[in-house]
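What follows is the content of data_1.csv (CSV, C-alpha atoms and all ligand atoms).
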```csv
chain,number,residue,atom,x,y,z
A,269,MET,CA,-150.6,47.3,-16.1
A,270,HIS,CA,-151.5,49.9,-18.8
A,271,GLU,CA,-152.6,47.1,-21.1
A,272,MET,CA,-156.1,47.3,-19.7
A,273,SER,CA,-156.4,51.0,-20.5
A,274,LEU,CA,-155.1,50.3,-24.0
A,275,ALA,CA,-157.4,47.2,-24.5
A,276,SER,CA,-160.5,49.2,-23.6
A,277,ALA,CA,-159.5,52.0,-26.0
A,278,LEU,CA,-159.0,49.3,-28.6
A,279,MET,CA,-162.4,47.9,-28.0
A,280,ASP,CA,-164.0,51.3,-28.4
A,281,GLU,CA,-162.4,51.6,-31.8
A,282,ILE,CA,-163.4,48.1,-32.8
A,283,ILE,CA,-167.0,48.6,-31.9
A,284,ASN,CA,-167.2,51.9,-33.9
A,285,ILE,CA,-165.8,50.3,-37.0
A,286,ALA,CA,-168.0,47.2,-36.6
A,287,CYS,CA,-171.1,49.5,-36.3
A,288,ASP,CA,-170.1,51.4,-39.5
A,289,ASN,CA,-169.7,48.2,-41.4
A,290,ASN,CA,-172.6,46.1,-40.2
A,291,VAL,CA,-170.3,43.6,-38.7
A,292,VAL,CA,-171.9,40.8,-36.6
A,293,ARG,CA,-168.8,39.0,-35.4
A,294,ILE,CA,-165.0,39.7,-35.4
A,295,GLU,CA,-162.6,36.8,-36.0
A,296,GLU,CA,-159.2,38.4,-36.0
A,297,ILE,CA,-157.7,41.7,-35.0
A,298,GLU,CA,-154.3,42.9,-36.1
A,299,LEU,CA,-152.6,45.2,-33.6
A,300,ARG,CA,-149.3,46.8,-34.4
A,301,ILE,CA,-147.4,47.8,-31.3
A,302,GLY,CA,-144.2,49.8,-31.1
A,303,VAL,CA,-141.7,48.3,-28.6
A,304,LEU,CA,-141.6,51.6,-26.8
A,305,LYS,CA,-145.2,51.2,-25.7
A,306,GLN,CA,-143.8,48.5,-23.4
A,307,VAL,CA,-146.8,46.3,-23.9
A,308,VAL,CA,-146.4,42.7,-22.6
A,309,PRO,CA,-148.1,40.4,-25.2
A,310,GLU,CA,-149.5,38.0,-22.6
A,311,VAL,CA,-150.9,40.8,-20.5
A,312,MET,CA,-152.3,42.4,-23.6
A,313,GLU,CA,-154.0,39.1,-24.5
A,314,GLU,CA,-155.5,38.8,-21.0
A,315,ALA,CA,-156.7,42.4,-21.1
A,316,PHE,CA,-158.2,42.0,-24.5
A,317,ARG,CA,-160.1,38.9,-23.3
A,318,ALA,CA,-161.5,40.8,-20.5
A,319,ALA,CA,-162.4,44.0,-22.5
A,320,SER,CA,-164.0,42.0,-25.3
A,321,PHE,CA,-166.1,39.7,-23.1
A,322,GLY,CA,-169.7,39.8,-24.1
A,323,THR,CA,-169.0,41.9,-27.3
A,324,LEU,CA,-168.9,40.9,-30.9
A,325,ALA,CA,-165.1,40.5,-30.6
A,326,GLU,CA,-165.3,37.9,-27.9
A,327,GLY,CA,-163.2,34.9,-28.9
A,328,ALA,CA,-161.4,36.7,-31.7
A,329,THR,CA,-157.8,36.1,-32.3
A,330,LEU,CA,-155.6,39.1,-31.3
A,331,ARG,CA,-152.6,39.1,-33.6
A,332,GLN,CA,-149.9,41.4,-32.1
A,333,ILE,CA,-147.2,42.6,-34.4
A,334,GLU,CA,-144.2,44.2,-32.8
A,335,ILE,CA,-142.7,47.3,-34.4
A,336,PRO,CA,-139.0,47.9,-33.5
A,337,ALA,CA,-137.8,51.3,-32.5
A,338,ARG,CA,-135.8,53.3,-35.0
A,339,ALA,CA,-134.3,56.7,-34.4
A,340,PHE,CA,-132.1,59.1,-36.4
A,341,CYS,CA,-129.1,61.2,-35.4
A,342,SER,CA,-128.8,64.3,-37.7
A,343,ARG,CA,-125.3,65.0,-36.5
A,344,CYS,CA,-124.1,61.6,-37.7
A,345,ASP,CA,-126.7,61.4,-40.4
A,346,ARG,CA,-127.5,57.8,-39.5
A,347,GLU,CA,-130.2,55.6,-38.0
A,348,PHE,CA,-129.9,53.6,-34.9
A,349,SER,CA,-132.1,51.4,-32.6
A,350,PRO,CA,-132.7,53.2,-29.3
A,351,ALA,CA,-133.3,51.2,-26.1
A,352,VAL,CA,-136.6,51.8,-24.3
A,353,ASN,CA,-134.9,54.2,-21.9
A,354,ASP,CA,-132.0,55.5,-23.9
A,355,PHE,CA,-132.4,57.7,-27.0
A,356,LEU,CA,-128.8,59.0,-27.1
A,357,CYS,CA,-127.0,58.5,-30.3
A,358,PRO,CA,-124.7,55.5,-29.7
A,359,THR,CA,-122.1,56.9,-32.0
A,360,CYS,CA,-121.7,60.6,-30.9
A,361,GLY,CA,-123.8,60.7,-27.8
A,362,GLU,CA,-126.1,63.4,-29.2
A,363,PHE,CA,-129.2,64.1,-27.0
A,364,SER,CA,-131.5,65.5,-29.6
A,365,THR,CA,-132.3,62.5,-31.8
A,366,THR,CA,-135.5,62.0,-33.7
A,367,LEU,CA,-137.7,58.9,-33.2
A,368,LEU,CA,-138.8,57.5,-36.5
A,369,GLU,CA,-140.8,54.5,-35.4
A,370,GLY,CA,-141.6,52.3,-32.4
A,371,ASP,CA,-143.9,54.5,-30.4
A,372,GLU,CA,-147.2,53.6,-32.1
A,373,LEU,CA,-150.2,51.6,-31.2
A,374,LEU,CA,-152.2,50.9,-34.4
A,375,LEU,CA,-155.2,48.9,-35.2
A,376,GLY,CA,-154.1,47.4,-38.5
A,377,SER,CA,-157.0,45.4,-39.7
A,378,LEU,CA,-160.2,43.5,-38.7
A,379,THR,CA,-161.3,40.2,-40.1
A,380,CYS,CA,-165.0,39.8,-39.6
A,381,VAL,CA,-168.3,38.3,-40.5
A,382,THR,CA,-171.0,40.6,-41.8
B,5,MET,CA,-164.3,40.1,-44.9
B,6,LYS,CA,-161.1,41.9,-44.0
B,7,ILE,CA,-161.3,45.6,-43.2
B,8,ASN,CA,-157.9,47.5,-43.3
B,9,VAL,CA,-158.0,50.2,-40.8
B,10,VAL,CA,-154.5,51.4,-39.8
B,11,LYS,CA,-155.6,53.8,-37.2
B,12,ASN,CA,-154.2,55.0,-33.9
B,13,VAL,CA,-156.0,53.1,-31.1
B,14,LEU,CA,-156.0,56.2,-29.0
B,15,GLN,CA,-157.3,58.5,-31.8
B,16,ALA,CA,-160.8,58.9,-30.2
B,17,ASN,CA,-159.2,60.3,-27.1
B,18,ASP,CA,-156.8,62.5,-29.0
B,19,ILE,CA,-159.6,64.1,-31.0
B,20,VAL,CA,-161.4,65.1,-27.7
B,21,ALA,CA,-158.0,66.3,-26.3
B,22,ASP,CA,-157.6,68.6,-29.3
B,23,LYS,CA,-161.0,70.1,-28.6
B,24,ASN,CA,-160.1,70.6,-25.0
B,25,ARG,CA,-156.9,72.3,-26.1
B,26,ARG,CA,-158.9,74.8,-28.2
B,27,ALA,CA,-161.2,75.5,-25.2
B,28,PHE,CA,-158.1,76.2,-23.0
B,29,GLN,CA,-156.7,78.5,-25.7
B,30,GLU,CA,-159.9,80.4,-26.1
B,31,GLY,CA,-160.2,80.8,-22.3
B,32,GLN,CA,-156.5,82.0,-22.3
B,33,VAL,CA,-155.6,79.5,-19.5
B,34,LEU,CA,-152.4,77.6,-19.3
B,35,ALA,CA,-153.4,73.9,-18.7
B,36,ILE,CA,-151.0,71.7,-16.7
B,37,ASN,CA,-151.3,68.0,-16.4
B,38,LEU,CA,-149.7,66.9,-13.1
B,39,ILE,CA,-148.5,63.3,-13.2
B,40,SER,CA,-146.8,61.2,-10.5
B,41,SER,CA,-146.9,58.0,-8.5
B,42,PRO,CA,-149.4,58.0,-5.6
B,43,GLY,CA,-148.2,60.3,-2.8
B,44,SER,CA,-145.4,62.2,-4.6
B,45,GLY,CA,-146.8,65.5,-3.6
B,46,LYS,CA,-149.2,66.7,-6.3
B,47,THR,CA,-151.9,68.0,-4.0
B,48,THR,CA,-149.3,69.5,-1.6
B,49,LEU,CA,-147.7,71.3,-4.6
B,50,LEU,CA,-151.1,72.8,-5.5
B,51,GLU,CA,-151.8,73.9,-1.9
B,52,LYS,CA,-148.5,75.8,-2.0
B,53,THR,CA,-148.6,77.0,-5.6
B,54,ILE,CA,-152.1,78.4,-6.0
B,55,PRO,CA,-151.9,81.1,-3.3
B,56,ALA,CA,-148.4,82.0,-4.4
B,57,LEU,CA,-149.5,82.3,-8.0
B,58,ASP,CA,-152.4,84.6,-7.2
B,59,GLU,CA,-150.7,87.7,-8.5
B,60,GLN,CA,-150.4,85.9,-11.9
B,61,GLY,CA,-154.1,85.2,-11.8
B,62,PRO,CA,-156.6,82.7,-10.4
B,63,SER,CA,-156.3,78.9,-10.8
B,64,ILE,CA,-158.9,76.3,-11.5
B,65,VAL,CA,-158.2,72.7,-10.4
B,66,ILE,CA,-159.5,69.4,-11.8
B,67,VAL,CA,-158.7,66.4,-9.5
B,68,GLY,CA,-158.8,62.9,-10.8
B,69,ASP,CA,-158.9,60.3,-8.0
B,70,LEU,CA,-160.0,56.7,-7.8
B,71,GLN,CA,-162.1,57.5,-4.7
B,72,THR,CA,-162.8,60.3,-2.2
B,73,THR,CA,-163.0,64.0,-2.5
B,74,ARG,CA,-160.1,64.7,-0.1
B,75,ASP,CA,-157.7,66.2,-2.5
B,76,ALA,CA,-160.4,68.5,-3.9
B,77,GLU,CA,-161.2,69.7,-0.4
B,78,ARG,CA,-157.5,70.5,0.3
B,79,VAL,CA,-157.3,73.0,-2.5
B,80,ALA,CA,-160.9,74.3,-2.4
B,81,GLY,CA,-159.9,77.3,-0.2
B,82,SER,CA,-157.4,78.8,-2.6
B,83,ALA,CA,-158.6,77.8,-6.0
B,84,LEU,CA,-161.2,79.7,-8.0
B,85,GLN,CA,-163.0,76.5,-8.6
B,86,VAL,CA,-162.3,72.8,-8.0
B,87,THR,CA,-163.9,69.8,-9.8
B,88,GLN,CA,-163.4,66.3,-8.7
B,89,ILE,CA,-163.6,63.4,-11.1
B,90,ASN,CA,-163.9,60.0,-9.5
B,91,THR,CA,-162.4,57.6,-12.0
B,92,GLY,CA,-163.6,54.5,-10.1
B,93,MET,CA,-161.5,51.6,-11.5
B,94,SER,CA,-159.7,53.6,-14.1
B,95,CYS,CA,-156.1,54.4,-13.3
B,96,HIS,CA,-155.9,57.6,-15.4
B,97,LEU,CA,-158.0,60.5,-16.7
B,98,TYR,CA,-159.5,60.5,-20.2
B,99,ALA,CA,-159.8,63.6,-22.4
B,100,ASN,CA,-163.6,62.9,-22.3
B,101,GLN,CA,-163.8,63.4,-18.6
B,102,ILE,CA,-162.1,66.8,-18.9
B,103,ALA,CA,-164.4,67.7,-21.7
B,104,GLU,CA,-167.4,66.8,-19.6
B,105,SER,CA,-166.1,69.0,-16.7
B,106,LEU,CA,-165.5,72.1,-18.9
B,107,PRO,CA,-169.1,73.5,-19.1
B,108,GLY,CA,-169.1,73.9,-15.3
B,109,LEU,CA,-165.8,75.8,-15.2
B,110,ASP,CA,-165.2,79.5,-15.6
B,111,LEU,CA,-162.1,79.3,-17.7
B,112,ASP,CA,-162.7,83.0,-18.7
B,113,GLN,CA,-162.1,83.9,-15.0
B,114,ALA,CA,-158.8,82.0,-14.6
B,115,ALA,CA,-155.2,82.1,-15.7
B,116,PHE,CA,-154.2,78.5,-14.9
B,117,LEU,CA,-155.9,75.2,-15.0
B,118,PHE,CA,-154.2,72.4,-13.0
B,119,ILE,CA,-155.3,68.9,-13.7
B,120,GLU,CA,-154.1,66.5,-10.9
B,121,ASN,CA,-154.1,63.1,-12.6
B,122,VAL,CA,-154.6,59.8,-10.8
B,123,GLY,CA,-151.5,58.7,-8.9
B,124,ASN,CA,-149.8,56.4,-11.4
B,125,LEU,CA,-146.6,56.7,-13.4
B,126,VAL,CA,-147.7,54.6,-16.4
B,127,CYS,CA,-151.2,55.2,-18.0
B,128,PRO,CA,-151.5,59.0,-17.5
B,129,GLY,CA,-148.5,59.5,-19.7
B,130,GLU,CA,-150.4,57.8,-22.6
B,131,PHE,CA,-153.6,59.7,-22.5
B,132,ASP,CA,-153.5,63.3,-23.8
B,133,LEU,CA,-156.0,65.5,-22.0
B,134,GLY,CA,-155.4,68.5,-24.2
B,135,GLU,CA,-153.1,70.1,-21.6
B,136,ASN,CA,-150.4,72.6,-22.7
B,137,LEU,CA,-147.8,70.9,-20.5
B,138,LYS,CA,-147.1,67.8,-18.6
B,139,VAL,CA,-145.4,68.2,-15.3
B,140,VAL,CA,-144.1,64.9,-13.8
B,141,LEU,CA,-143.3,64.8,-10.1
B,142,LEU,CA,-140.8,62.3,-8.8
B,143,SER,CA,-140.3,62.3,-5.0
B,144,ILE,CA,-137.0,61.5,-3.3
B,145,PRO,CA,-138.4,58.5,-1.3
B,146,GLU,CA,-139.3,56.7,-4.6
B,147,GLY,CA,-135.7,56.2,-5.4
B,148,ASP,CA,-133.2,57.3,-8.0
B,149,ASP,CA,-134.0,54.5,-10.5
B,150,LYS,CA,-137.5,55.5,-11.5
B,151,VAL,CA,-136.7,57.5,-14.6
B,152,ALA,CA,-135.2,54.5,-16.4
B,153,LYS,CA,-138.0,52.3,-15.2
B,154,TYR,CA,-140.9,54.5,-16.4
B,155,PRO,CA,-139.4,55.9,-19.6
B,156,THR,CA,-142.6,56.8,-21.4
B,157,VAL,CA,-143.8,59.4,-18.9
B,158,PHE,CA,-140.4,61.0,-18.5
B,159,ARG,CA,-140.0,61.2,-22.3
B,160,ALA,CA,-143.3,63.1,-22.5
B,161,ALA,CA,-142.6,65.4,-19.6
B,162,ASP,CA,-142.1,69.2,-20.1
B,163,LEU,CA,-140.8,69.6,-16.6
B,164,VAL,CA,-139.7,67.2,-13.9
B,165,LEU,CA,-140.1,68.3,-10.3
B,166,LEU,CA,-137.9,66.4,-8.0
B,167,THR,CA,-140.2,66.7,-4.9
B,168,LYS,CA,-139.5,66.2,-1.2
B,169,ILE,CA,-135.9,67.3,-1.8
B,170,ASP,CA,-135.7,68.1,1.9
B,171,LEU,CA,-135.6,64.4,2.5
B,172,LEU,CA,-132.5,63.9,0.4
B,173,GLY,CA,-130.2,63.3,3.4
B,174,ALA,CA,-132.4,60.4,4.6
B,175,PHE,CA,-131.9,58.4,1.5
B,176,ASN,CA,-128.9,57.0,-0.4
B,177,TYR,CA,-129.8,59.0,-3.5
B,178,ASP,CA,-127.8,59.7,-6.6
B,179,LEU,CA,-129.0,63.0,-8.2
B,180,VAL,CA,-126.5,62.8,-11.0
B,181,ARG,CA,-128.0,59.4,-12.0
B,182,VAL,CA,-131.5,60.9,-12.2
B,183,GLU,CA,-130.2,63.8,-14.4
B,184,GLU,CA,-128.3,61.3,-16.7
B,185,ASP,CA,-131.3,59.0,-17.0
B,186,LEU,CA,-133.5,61.9,-17.9
B,187,ARG,CA,-131.2,63.2,-20.6
B,188,LYS,CA,-131.2,59.8,-22.2
B,189,LEU,CA,-134.9,60.2,-22.8
B,190,ASN,CA,-135.6,63.9,-22.8
B,191,PRO,CA,-133.1,66.5,-23.9
B,192,VAL,CA,-135.1,69.5,-23.0
B,193,ALA,CA,-137.3,69.1,-19.8
B,194,PRO,CA,-135.8,70.9,-16.9
B,195,LEU,CA,-135.2,68.9,-13.7
B,196,LEU,CA,-136.1,71.1,-10.8
B,197,PRO,CA,-135.5,70.1,-7.2
B,198,PHE,CA,-138.5,71.1,-5.1
B,199,SER,CA,-139.7,71.0,-1.5
B,200,ALA,CA,-143.1,72.0,-0.3
B,201,THR,CA,-141.7,71.9,3.2
B,202,THR,CA,-138.7,74.3,2.9
B,203,GLY,CA,-139.8,76.2,-0.2
B,204,GLN,CA,-136.8,75.2,-2.2
B,205,GLY,CA,-137.4,75.5,-5.9
B,206,MET,CA,-140.7,77.4,-5.4
B,207,GLU,CA,-139.4,80.6,-7.1
B,208,GLU,CA,-138.1,78.8,-10.1
B,209,TRP,CA,-141.4,76.8,-10.4
B,210,LEU,CA,-143.5,80.0,-10.3
B,211,GLY,CA,-141.1,81.6,-12.8
B,212,TRP,CA,-141.4,78.6,-15.1
B,213,LEU,CA,-145.2,78.8,-15.0
B,214,LYS,CA,-145.3,82.5,-15.8
B,215,GLU,CA,-142.8,82.0,-18.6
B,216,GLN,CA,-144.8,79.1,-20.0
B,217,ARG,CA,-148.0,81.1,-19.9
B,218,GLY,CA,-146.4,83.8,-21.8
B,219,THR,CA,-145.1,81.4,-24.5
B,220,LYS,CA,-148.1,79.1,-24.8
B,221,VAL,CA,-151.0,81.5,-24.2
B,222,GLY,CA,-149.4,84.7,-25.2
B,223,ALA,CA,-148.2,87.9,-23.5
B,224,GLN,CA,-151.4,89.7,-24.5
B,225,ALA,CA,-153.5,87.2,-22.4
B,226,LYS,CA,-155.7,88.5,-19.6
B,227,PHE,CA,-154.1,88.7,-16.2
B,228,PHE,CA,-150.6,88.5,-17.8
B,229,ASN,CA,-148.1,90.7,-16.0
B,230,ALA,CA,-150.9,91.7,-13.6
C,401,LIG,N1,-141.1,66.0,3.5
C,401,LIG,C1,-141.9,66.4,2.6
C,401,LIG,N2,-143.1,65.8,2.5
C,401,LIG,C2,-144.0,66.2,1.5
C,401,LIG,C3,-143.6,67.2,0.6
C,401,LIG,N3,-144.6,67.3,-0.3
C,401,LIG,C4,-145.6,66.4,0.1
C,401,LIG,N4,-145.2,65.8,1.2
C,401,LIG,C5,-146.0,64.8,1.9
C,401,LIG,O1,-146.2,63.6,1.1
C,401,LIG,C6,-147.5,63.1,1.4
C,401,LIG,C7,-148.3,62.9,0.1
C,401,LIG,O2,-148.5,64.2,-0.5
C,401,LIG,P1,-149.8,64.5,-1.4
C,401,LIG,O3,-149.6,65.9,-1.8
C,401,LIG,O4,-151.1,64.1,-0.8
C,401,LIG,O5,-149.4,63.6,-2.7
C,401,LIG,P2,-150.3,63.3,-4.0
C,401,LIG,O6,-149.3,63.1,-5.1
C,401,LIG,O7,-151.3,64.3,-4.2
C,401,LIG,O8,-151.0,61.9,-3.6
C,401,LIG,P3,-152.2,61.1,-4.4
C,401,LIG,O9,-153.2,62.2,-4.9
C,401,LIG,O10,-152.8,60.2,-3.4
C,401,LIG,O11,-151.5,60.4,-5.6
C,401,LIG,C8,-148.2,64.0,2.4
C,401,LIG,O12,-148.1,63.4,3.7
C,401,LIG,C9,-147.4,65.3,2.3
C,401,LIG,O13,-147.4,66.0,3.5
C,401,LIG,C10,-142.3,67.7,0.7
C,401,LIG,O14,-141.9,68.6,-0.1
C,401,LIG,N5,-141.5,67.3,1.7
C,402,MG,MG,-153.4,64.1,-4.4
C,403,ZN,ZN,-124.8,60.8,-33.6
```
Let me see the structure of the file written as structure tokens.
Ligand SMILES: Nc1nc2c(ncn2[C@@H]2O[C@H](COP(=O)(O)OP(=O)(O)OP(=O)(O)O)[C@@H](O)[C@H]2O)c(=O)[nH]1
Ligand SMILES: [Mg+2]
Ligand SMILES: [Zn+2]
Amino acid sequence: MHEMSLASALMDEIINIACDNNVVRIEEIELRIGVLKQVVPEVMEEAFRAASFGTLAEGATLRQIEIPARAFCSRCDREFSPAVNDFLCPTCGEFSTTLLEGDELLLGSLTCVT
Amino acid sequence: MKINVVKNVLQANDIVADKNRRAFQEGQVLAINLISSPGSGKTTLLEKTIPALDEQGPSIVIVGDLQTTRDAERVAGSALQVTQINTGMSCHLYANQIAESLPGLDLDQAAFLFIENVGNLVCPGEFDLGENLKVVLLSIPEGDDKVAKYPTVFRAADLVLLTKIDLLGAFNYDLVRVEEDLRKLNPVAPLLPFSATTGQGMEEWLGWLKEQRGTKVGAQAKFFNA
């Protein structure tokens, strides 16, 4: 359900960049999404269709690239892949682990016509 | 043409949130973002908290709601000021909406700013408003499985209030499970059982607010230890 909020924030970014670069039409958008964002690709696609309707990104391809989650336990000095709802170190059970990647929502690139 | 961007999609919101944070710091107010599902007890918490907090200084309230001004009316009597933001179709507040409300608020006259977010356990956790702290309310009737189901907001929480704890006996509820699920996500946020009906947890909650204001705003701040 939060895909709509994220898609409209994405559209704001896209419009700003398009204005700065005299873009007339956008053909492809690369979006890098950490798994911890719990974005459902199909729902994101729908939300993007709705948010881009009537804009210069209407009809563009939304390429969604999933970024896996990686965390680090300093007690074991090793990396692990946390589950969405479990950041405990699987080896020693440590609570205070550090998330390295997997929580981001990045606009990677825009392919466009100027 | 390909434009390489690599930019946080929520950056525009985060920039405004940082501005809000500076305004709160200058005003020496502790800003709290209250997040929960609809009906978990956010407004009731404010109705009880603001009068009890009076000796630590006045409170300002910003209420985000899809429709109606009912919640704002409920706290109008005790708060120094109340602003209502009708979010319409949006299921959360944006930093911008807070920024637009700030010119009308006397932060200089207050010690606390409570922001009651729209009832929703998903989107409000993603949008920074510039608050000092996120307090997540989880009420007993919602069930003991919600922490694992909505991990993002519980990971971001600075305090989890387990509200309506007076109803514990009416539900088949596993408190240990909630604590365990929370620790898998968040090693530090206290889990505080709370009831607006019986007053359980009230003293700890007020103590936590005072302590946090001392830490985040500073013990030299106006009203502090008043
Ligand atoms: N038994 C019990 N009921 C409570 C408690 N706190 C709140 N309630 C009741 O729960 C209902 C919803 O409380 P609100 O404070 O309006 O909840 P809210 O989170 O502000 O709701 P929204 O703004 O609509 O998301 C009301 O009927 C309250 O009386 C509590 O500690 N115990
Ligand atoms: Mg309310
Ligand atoms: Zn470990």
Surroundings of ligand ZN 403 (chain C) up to 10 Å, based on only C-alpha atoms and all ligand atoms, as a list in words = Phe340, Cys341, Ser342, Arg343, Cys344, Asp345, Arg346, Glu347, Phe348, Leu356, Cys357, Pro358, Thr359, Cys360, Gly361, Glu362, Phe363, Ser364 and Thr365 of chain A
Given a cut-off of 6 Å, what residues near ligand LIG 401 (chain C) show up using only C-alpha atoms and all ligand atoms, put as a tab-separated table (two decimals) with C-alpha atoms, keeping the file's coordinate frame?
```tsv
chain	number	residue	atom	x	y	z
B	41	SER	CA	-146.90	58.00	-8.50
B	42	PRO	CA	-149.40	58.00	-5.60
B	43	GLY	CA	-148.20	60.30	-2.80
B	44	SER	CA	-145.40	62.20	-4.60
B	45	GLY	CA	-146.80	65.50	-3.60
B	46	LYS	CA	-149.20	66.70	-6.30
B	47	THR	CA	-151.90	68.00	-4.00
B	48	THR	CA	-149.30	69.50	-1.60
B	123	GLY	CA	-151.50	58.70	-8.90
B	167	THR	CA	-140.20	66.70	-4.90
B	168	LYS	CA	-139.50	66.20	-1.20
B	170	ASP	CA	-135.70	68.10	1.90
B	171	LEU	CA	-135.60	64.40	2.50
B	199	SER	CA	-139.70	71.00	-1.50
B	200	ALA	CA	-143.10	72.00	-0.30
B	201	THR	CA	-141.70	71.90	3.20
```
message = For Ile54 of chain B, find every residue with an atom within 12 Å (counting all atoms listed in the file), except residues of its own chain fewer than 4 positions away, and show them as number ranges by chain.
response = B: 47-50, 58-65, 78-86, 114-118, 206, 209-210, 213
query = Which chain A residues are at most 8 Å from chain B (counting all atoms listed in the file), as a ChimeraX atom specification?
reply = /A:269-270,273-274,277-278,281,304-305,352-356,363-364,372-382
request  = Tell me, in Å to one decimal, how far atom CA of Leu137 of chain B is from atom CA of Gly31 of chain B.
outcome  =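 Between these atoms lies a distance of 16.0 Å.
For the pair atom CA of Glu30 of chain B and atom CA of Val221 of chain B, the interatomic distance is 9.2 Å.
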task = Name all residues at most 8 Å from Val303 of chain A (count only C-alpha atoms; drop same-chain ones fewer than 2 positions away) and give them as a VMD selection string.
result = chain A and resid 301 305 to 307 334 to 337 352 370 to 371
inquiry  = Just checking: using only C-alpha atoms, which residue out of B:Ala27, B:Leu165, B:Ala174, B:Ile102 ends up closest to Lys138 of chain B?
reply    =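 Ranked by minimum distance to Lys138 of chain B, first place goes to B:Leu165.
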inquiry  = Could you tell me how far atom CA of Leu141 of chain B sits from atom CA of Ser40 of chain B, in Å to one decimal place?
reply    =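 We find that atom CA of Ser40 of chain B and atom CA of Leu141 of chain B lie 5.0 Å from each other.
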query = Quick one: of B:Thr73, B:Gln101, B:Gln224, B:Asn176, who's nearest to ligand MG 402 (chain C), counting all atoms listed in the file?
reply =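 Closest residue, counting all atoms listed in the file: B:Thr73.
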Reconstructed all heavy atoms for segment 164-169 of chain B, given as a PDB file, in the frame of the given file:
```pdb
ATOM      1  N   VAL B 164    -139.714  68.180 -14.979  1.00  0.00           N
ATOM      2  CA  VAL B 164    -139.700  67.200 -13.900  1.00  0.00           C
ATOM      3  C   VAL B 164    -139.393  67.853 -12.605  1.00  0.00           C
ATOM      4  O   VAL B 164    -138.359  68.507 -12.465  1.00  0.00           O
ATOM      5  CB  VAL B 164    -138.673  66.050 -14.208  1.00  0.00           C
ATOM      6  CG1 VAL B 164    -138.641  65.044 -13.064  1.00  0.00           C
ATOM      7  CG2 VAL B 164    -138.992  65.345 -15.529  1.00  0.00           C
ATOM      8  N   LEU B 165    -140.316  67.737 -11.667  1.00  0.00           N
ATOM      9  CA  LEU B 165    -140.100  68.300 -10.300  1.00  0.00           C
ATOM     10  C   LEU B 165    -139.613  67.164  -9.438  1.00  0.00           C
ATOM     11  O   LEU B 165    -140.298  66.154  -9.269  1.00  0.00           O
ATOM     12  CB  LEU B 165    -141.407  68.856  -9.754  1.00  0.00           C
ATOM     13  CG  LEU B 165    -141.909  70.199 -10.254  1.00  0.00           C
ATOM     14  CD1 LEU B 165    -143.210  70.560  -9.546  1.00  0.00           C
ATOM     15  CD2 LEU B 165    -140.874  71.297 -10.037  1.00  0.00           C
ATOM     16  N   LEU B 166    -138.443  67.344  -8.879  1.00  0.00           N
ATOM     17  CA  LEU B 166    -137.900  66.400  -8.000  1.00  0.00           C
ATOM     18  C   LEU B 166    -138.352  66.756  -6.557  1.00  0.00           C
ATOM     19  O   LEU B 166    -137.721  67.573  -5.890  1.00  0.00           O
ATOM     20  CB  LEU B 166    -136.368  66.387  -8.082  1.00  0.00           C
ATOM     21  CG  LEU B 166    -135.573  65.146  -7.738  1.00  0.00           C
ATOM     22  CD1 LEU B 166    -136.120  63.909  -8.439  1.00  0.00           C
ATOM     23  CD2 LEU B 166    -134.120  65.354  -8.100  1.00  0.00           C
ATOM     24  N   THR B 167    -139.496  66.211  -6.158  1.00  0.00           N
ATOM     25  CA  THR B 167    -140.200  66.700  -4.900  1.00  0.00           C
ATOM     26  C   THR B 167    -139.592  66.050  -3.678  1.00  0.00           C
ATOM     27  O   THR B 167    -138.892  65.042  -3.742  1.00  0.00           O
ATOM     28  CB  THR B 167    -141.678  66.417  -5.010  1.00  0.00           C
ATOM     29  OG1 THR B 167    -141.881  65.018  -5.178  1.00  0.00           O
ATOM     30  CG2 THR B 167    -142.325  67.165  -6.173  1.00  0.00           C
ATOM     31  N   LYS B 168    -139.931  66.664  -2.554  1.00  0.00           N
ATOM     32  CA  LYS B 168    -139.500  66.200  -1.200  1.00  0.00           C
ATOM     33  C   LYS B 168    -137.952  66.231  -1.143  1.00  0.00           C
ATOM     34  O   LYS B 168    -137.348  65.363  -0.503  1.00  0.00           O
ATOM     35  CB  LYS B 168    -140.052  64.844  -0.856  1.00  0.00           C
ATOM     36  CG  LYS B 168    -141.563  64.744  -1.072  1.00  0.00           C
ATOM     37  CD  LYS B 168    -142.160  63.490  -0.473  1.00  0.00           C
ATOM     38  CE  LYS B 168    -143.610  63.337  -0.940  1.00  0.00           C
ATOM     39  NZ  LYS B 168    -144.260  62.128  -0.392  1.00  0.00           N
ATOM     40  N   ILE B 169    -137.350  67.211  -1.799  1.00  0.00           N
ATOM     41  CA  ILE B 169    -135.900  67.300  -1.800  1.00  0.00           C
ATOM     42  C   ILE B 169    -135.320  67.507  -0.426  1.00  0.00           C
ATOM     43  O   ILE B 169    -134.155  67.200  -0.156  1.00  0.00           O
ATOM     44  CB  ILE B 169    -135.407  68.376  -2.839  1.00  0.00           C
ATOM     45  CG1 ILE B 169    -133.928  68.230  -3.190  1.00  0.00           C
ATOM     46  CG2 ILE B 169    -135.691  69.775  -2.337  1.00  0.00           C
ATOM     47  CD1 ILE B 169    -133.611  67.105  -4.116  1.00  0.00           C
TER      48      ILE B 169
END
```
